[in-house]
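Undergrad: Got coords.txt for you, compact mmCIF, C-alpha atoms:
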```txt
# COMPACT_ATOMS: atom_id res chain seq x y z
CA MET A 1 4.59 128.90 221.18
CA LEU A 2 1.67 129.79 223.46
CA THR A 3 1.56 126.24 224.80
CA ALA A 4 5.30 126.29 225.45
CA CYS A 5 5.05 129.63 227.27
CA LEU A 6 2.20 128.41 229.45
CA ALA A 7 4.02 125.17 230.29
CA PHE A 8 7.21 127.02 231.20
CA ALA A 9 5.27 129.61 233.20
CA GLY A 10 3.70 126.82 235.27
CA VAL A 11 7.01 125.14 236.05
CA ALA A 12 8.75 128.46 236.74
CA ALA A 13 5.91 129.55 239.05
CA LEU A 14 6.29 126.42 241.17
CA LEU A 15 10.02 126.99 241.46
CA THR A 16 9.52 130.69 242.23
CA VAL A 17 7.17 130.21 245.18
CA THR A 18 9.33 127.48 246.72
CA PRO A 19 10.90 129.05 249.85
CA GLY A 20 14.61 129.66 249.47
CA VAL A 21 17.38 132.20 249.83
CA ASP A 22 15.56 134.87 247.79
CA THR A 23 12.42 134.70 249.93
CA MET A 24 14.35 134.87 253.19
CA LEU A 25 16.53 137.70 251.92
CA VAL A 26 13.63 139.89 250.78
CA LEU A 27 11.65 139.19 253.95
CA ARG A 28 14.56 140.09 256.20
CA THR A 29 15.44 143.18 254.14
CA THR A 30 11.88 144.51 254.24
CA VAL A 31 11.62 144.09 258.00
CA THR A 32 14.99 145.72 258.69
CA GLY A 33 14.94 148.40 256.00
CA GLY A 34 11.36 149.01 254.91
CA ARG A 35 9.32 148.53 251.75
CA ARG A 36 11.69 150.43 249.44
CA THR A 37 14.73 148.40 250.40
CA GLY A 38 12.67 145.21 250.13
CA HIS A 39 11.73 146.04 246.55
CA LEU A 40 15.34 146.94 245.77
CA ALA A 41 16.51 143.59 247.14
CA ALA A 42 13.91 141.90 244.91
CA ALA A 43 15.15 143.93 241.94
CA GLY A 44 18.68 142.76 242.69
CA VAL A 45 17.53 139.14 242.78
CA VAL A 46 15.76 139.43 239.43
CA SER A 47 18.73 141.27 237.91
CA GLY A 48 20.89 138.32 238.88
CA LEU A 49 18.45 135.95 237.16
CA VAL A 50 18.62 138.03 233.97
CA CYS A 51 22.43 138.08 234.08
CA TRP A 52 22.52 134.30 234.37
CA ALA A 53 20.03 133.97 231.53
CA LEU A 54 22.18 136.15 229.28
CA ALA A 55 25.25 134.13 230.27
CA SER A 56 23.36 130.95 229.45
CA ALA A 57 22.39 132.29 226.03
CA ALA A 58 26.01 133.26 225.42
CA GLY A 59 27.21 129.79 226.38
CA LEU A 60 29.06 130.83 229.53
CA THR A 61 27.06 128.55 231.79
CA ALA A 62 27.88 125.67 229.48
CA VAL A 63 31.49 126.22 230.55
CA LEU A 64 30.44 125.99 234.20
CA ALA A 65 28.47 122.83 233.51
CA ALA A 66 31.43 121.26 231.67
CA SER A 67 34.20 122.43 233.99
CA ARG A 68 34.02 121.06 237.51
CA ILE A 69 36.77 123.41 238.71
CA ALA A 70 34.97 126.53 237.45
CA PHE A 71 31.68 125.35 238.89
CA ASP A 72 33.21 124.47 242.26
CA VAL A 73 35.05 127.79 242.55
CA LEU A 74 31.84 129.74 242.01
CA ARG A 75 29.87 127.35 244.22
CA VAL A 76 32.30 127.71 247.13
CA ALA A 77 32.32 131.49 246.72
CA GLY A 78 28.52 131.51 246.83
CA ALA A 79 28.50 129.25 249.89
CA CYS A 80 30.98 131.52 251.68
CA TYR A 81 28.83 134.55 250.87
CA LEU A 82 25.71 132.88 252.28
CA LEU A 83 27.64 131.86 255.39
CA TRP A 84 28.78 135.47 255.76
CA LEU A 85 25.18 136.71 255.43
CA GLY A 86 24.09 134.18 258.03
CA GLY A 87 26.86 135.16 260.41
CA GLN A 88 26.05 138.83 259.89
CA ALA A 89 22.38 138.20 260.69
CA LEU A 90 23.27 136.34 263.89
CA TRP A 91 25.68 139.10 264.88
CA ASN A 92 23.02 141.75 264.24
CA ALA A 93 20.60 139.77 266.40
CA ARG A 94 23.11 139.78 269.24
CA ARG A 95 23.96 143.44 268.68
CA GLY A 96 20.25 144.27 268.56
CA ARG A 97 19.84 142.83 272.03
CA ALA A 98 22.72 144.92 273.28
CA ALA A 99 21.26 147.98 271.54
CA VAL A 100 17.96 147.51 273.37
CA GLU A 101 19.79 147.19 276.67
CA ASP A 102 21.83 150.34 275.88
CA ASP A 103 18.77 152.15 274.41
CA ALA A 104 20.57 152.59 271.05
CA ASP A 105 19.17 152.47 267.52
CA GLU A 106 20.01 149.75 264.99
CA PRO A 107 21.60 151.10 261.78
CA ARG A 108 19.20 151.27 258.83
CA LEU A 109 19.89 149.17 255.75
CA SER A 110 20.52 151.24 252.60
CA GLY A 111 18.79 150.63 249.28
CA LEU A 112 22.08 150.16 247.45
CA THR A 113 23.19 147.52 249.94
CA ALA A 114 19.86 145.71 249.57
CA PHE A 115 20.11 145.68 245.76
CA ARG A 116 23.75 144.59 245.82
CA THR A 117 23.02 141.78 248.26
CA GLY A 118 20.17 140.43 246.12
CA LEU A 119 22.29 140.63 242.97
CA THR A 120 25.40 139.07 244.52
CA THR A 121 23.43 136.23 246.10
CA ASN A 122 22.21 135.16 242.68
CA LEU A 123 25.42 135.76 240.75
CA LEU A 124 27.38 133.57 243.17
CA ASN A 125 24.95 130.67 242.79
CA PRO A 126 26.02 128.61 239.75
CA LYS A 127 22.96 126.38 240.08
CA VAL A 128 20.86 129.25 238.71
CA GLY A 129 22.88 129.26 235.49
CA VAL A 130 22.82 125.49 235.17
CA PHE A 131 19.06 125.62 235.82
CA TYR A 132 18.56 127.89 232.83
CA LEU A 133 20.94 125.87 230.69
CA SER A 134 19.15 122.59 231.43
CA LEU A 135 15.52 123.73 231.66
CA LEU A 136 14.99 126.31 228.92
CA PRO A 137 15.85 124.06 225.94
CA GLN A 138 13.17 121.59 227.00
CA PHE A 139 10.42 124.16 226.35
CA ILE A 140 11.71 125.77 223.14
CA PRO A 141 9.47 124.70 220.22
CA HIS A 142 11.18 123.09 217.27
CA GLY A 143 12.24 125.67 214.69
CA SER A 144 11.93 128.66 217.04
CA PRO A 145 14.88 131.04 217.47
CA VAL A 146 16.71 129.76 220.52
CA PHE A 147 18.03 133.09 221.82
CA TRP A 148 14.84 135.12 221.56
CA THR A 149 12.65 132.29 222.80
CA SER A 150 14.98 131.86 225.78
CA MET A 151 14.74 135.59 226.48
CA LEU A 152 10.95 135.34 226.36
CA PHE A 153 11.01 132.55 228.92
CA VAL A 154 13.39 134.53 231.09
CA ALA A 155 11.07 137.55 230.91
CA ILE A 156 8.23 135.30 232.11
CA HIS A 157 10.34 133.98 234.97
CA ALA A 158 11.51 137.48 235.91
CA ALA A 159 7.93 138.80 235.94
CA GLU A 160 6.79 135.92 238.14
CA SER A 161 9.72 136.45 240.48
CA LEU A 162 9.03 140.18 240.78
CA LEU A 163 5.35 139.53 241.44
CA TRP A 164 6.04 136.89 244.08
CA LEU A 165 8.72 138.92 245.83
CA ALA A 166 6.39 141.95 245.77
CA VAL A 167 3.87 139.79 247.63
CA ILE A 168 6.57 138.91 250.17
CA VAL A 169 7.39 142.61 250.58
CA GLY A 170 3.70 143.43 251.04
CA VAL A 171 3.21 140.74 253.67
CA ALA A 172 6.36 141.79 255.53
CA ARG A 173 5.31 145.44 255.28
CA ALA A 174 1.86 144.67 256.70
CA ALA A 175 3.37 142.74 259.58
CA ARG A 176 6.33 145.04 260.06
CA ARG A 177 4.96 146.69 263.20
CA ALA A 178 4.75 143.33 264.92
CA LEU A 179 7.97 142.04 263.36
CA SER A 180 9.84 145.22 264.29
CA ARG A 181 9.44 144.65 268.00
CA PRO A 182 12.93 144.15 269.45
CA ALA A 183 12.35 140.60 270.66
CA VAL A 184 10.60 139.54 267.43
CA ARG A 185 13.24 141.21 265.26
CA ARG A 186 16.03 139.43 267.11
CA ARG A 187 14.24 136.14 266.62
CA LEU A 188 13.76 136.86 262.91
CA GLN A 189 17.45 137.73 262.56
CA GLN A 190 18.35 134.48 264.28
CA VAL A 191 16.03 132.41 262.07
CA THR A 192 17.25 134.01 258.84
CA GLY A 193 20.86 133.72 259.99
CA VAL A 194 20.48 130.00 260.61
CA ALA A 195 18.63 129.64 257.28
CA PHE A 196 21.40 131.42 255.34
CA ILE A 197 24.03 129.27 257.02
CA GLY A 198 22.01 126.17 256.18
CA PHE A 199 21.68 127.24 252.53
CA GLY A 200 25.40 127.97 252.42
CA ILE A 201 26.34 124.57 253.84
CA ARG A 202 23.99 122.82 251.41
CA LEU A 203 25.49 124.71 248.47
CA ALA A 204 29.00 123.87 249.67
CA VAL A 205 28.42 120.12 249.94
CA GLU A 206 26.21 119.64 246.86
CA ARG A 207 27.64 118.31 243.62
```
Output the file's structure as structure tokens, nothing else.
TA:
Amino acid sequence: MLTACLAFAGVAALLTVTPGVDTMLVLRTTVTGGRRTGHLAAAGVVSGLVCWALASAAGLTAVLAASRIAFDVLRVAGACYLLWLGGQALWNARRGRAAVEDDADEPRLSGLTAFRTGLTTNLLNPKVGVFYLSLLPQFIPHGSPVFWTSMLFVAIHAAESLLWLAVIVGVARAARRALSRPAVRRRLQQVTGVAFIGFGIRLAVER
């Protein structure tokens, strides 16, 4: 069991540190809302991972994997949500420029919104569920209880994700003074907006 846990932890760690939607979301949230909202966005992301893991253990993701219609519906919904986040970021970048010109303040992101965004981003990504459904069984030792061993692996992945996203929050927090400058913040909003749109398009066209 120890060997299986270490092997899974290594694979999960590589996947966790690979830049993606979660990293961009937490980075952007920390810069725009502060450390607390960054951690809440990370908590929302990890909560989504746990929900998918429970669905996988219950066999719900097997339905997604077997039904192309169900998978495509959720995939398109997730792509639309990412496109909406990207469009919102680009709009905020444009509005931020106008706010500087008008000497107005940009509205602050709430903790609840940050958590909900992190959670929704994961729940609308069916590839997370299929990932658990396809990867976890490969590491479960023969004769071990499938459900509880899967939950152990998920706990490992969740802990790694929280740790990594906490690092992202810390880095963004340390650089927030520089990143919060109006011109830099607009550029960050533009970059994250384009990234979200790119992730959404990729999710929409993938099979």
Undergrad: Within 12 Å of Gly143 (chain A), counting only C-alpha atoms, which residues show up once you throw out same-chain ones fewer than 6 positions away? Write them as number ranges by chain, please.
TA: A: 1, 137, 149
Undergrad: For region 74-175 of chain A against region 44-50 of chain A, with a cut-off of 6 Å and counting all atoms listed in the file, what is the closest atom pair and its distance in Å to one decimal for every residue that makes the cut, ordered by chain and number, as a Markdown table?
TA:
```
| residue | atom | partner | partner_atom | distance |
| --- | --- | --- | --- | --- |
| A:Phe115 | CA | A:Gly44 | CA | 4.5 |
| A:Gly118 | CA | A:Gly44 | CA | 4.4 |
| A:Leu119 | CA | A:Gly44 | CA | 4.2 |
| A:Asn122 | CA | A:Gly48 | CA | 5.1 |
| A:Leu123 | CA | A:Gly48 | CA | 5.5 |
| A:Ala158 | CA | A:Val46 | CA | 5.9 |
```
Undergrad: With distances taken over all atoms listed in the file, which of A:Asn92, A:Thr29, A:Ser144, A:Thr18 is nearest to Gly193 (chain A)?
TA: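 Once distances to Gly193 (chain A) are computed over all atoms listed in the file, the minimum belongs to A:Asn92.
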Undergrad: Identify the residues within 12 Å of coordinate (25.1, 122.1, 250.9) (same frame as the file), considering only C-alpha atoms, and give the answer as a PyMOL selection string.
TA: chain A and resi 75-76+78-80+82-83+125+127+195-207
Undergrad: Which one of A:Val26, A:Ala12, A:Leu152, A:Ile168 sits closest to Phe131 (chain A) if you count only C-alpha atoms?
TA: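 Of all the options, A:Ala12 lies closest to Phe131 (chain A).
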Undergrad: Taking into account only C-alpha atoms, which residue in the set A:Cys51, A:Ala93, A:Leu112, A:Leu165 is nearest to Ala183 (chain A)?
TA: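 The closest residue to Ala183 (chain A) is A:Ala93.
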Undergrad: Taking (12.4, 133.3, 251.1) in the file's coordinates as the center, which residues reach within 12 Å of it, counting only C-alpha atoms, put as a PyMOL selection string?
TA: chain A and resi 15-30+38+41-42+45+118+161+164-169+172+191-192+195-196+199
Undergrad: I want to know what sits within 9 Å of Leu133 (chain A), based on only C-alpha atoms, with residues of the same chain fewer than 6 positions away left out; could you give that as a PDB file with C-alpha atoms, in the frame of the given file?
TA:
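Final output, saved to out.pdb:
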```pdb
ATOM      1  CA  ALA A  53      20.030 133.970 231.530  1.00  0.00           C
ATOM      2  CA  SER A  56      23.360 130.950 229.450  1.00  0.00           C
ATOM      3  CA  ALA A  57      22.390 132.290 226.030  1.00  0.00           C
ATOM      4  CA  GLY A  59      27.210 129.790 226.380  1.00  0.00           C
ATOM      5  CA  THR A  61      27.060 128.550 231.790  1.00  0.00           C
ATOM      6  CA  ALA A  62      27.880 125.670 229.480  1.00  0.00           C
ATOM      7  CA  ALA A  65      28.470 122.830 233.510  1.00  0.00           C
TER       8      ALA A  65
END
```
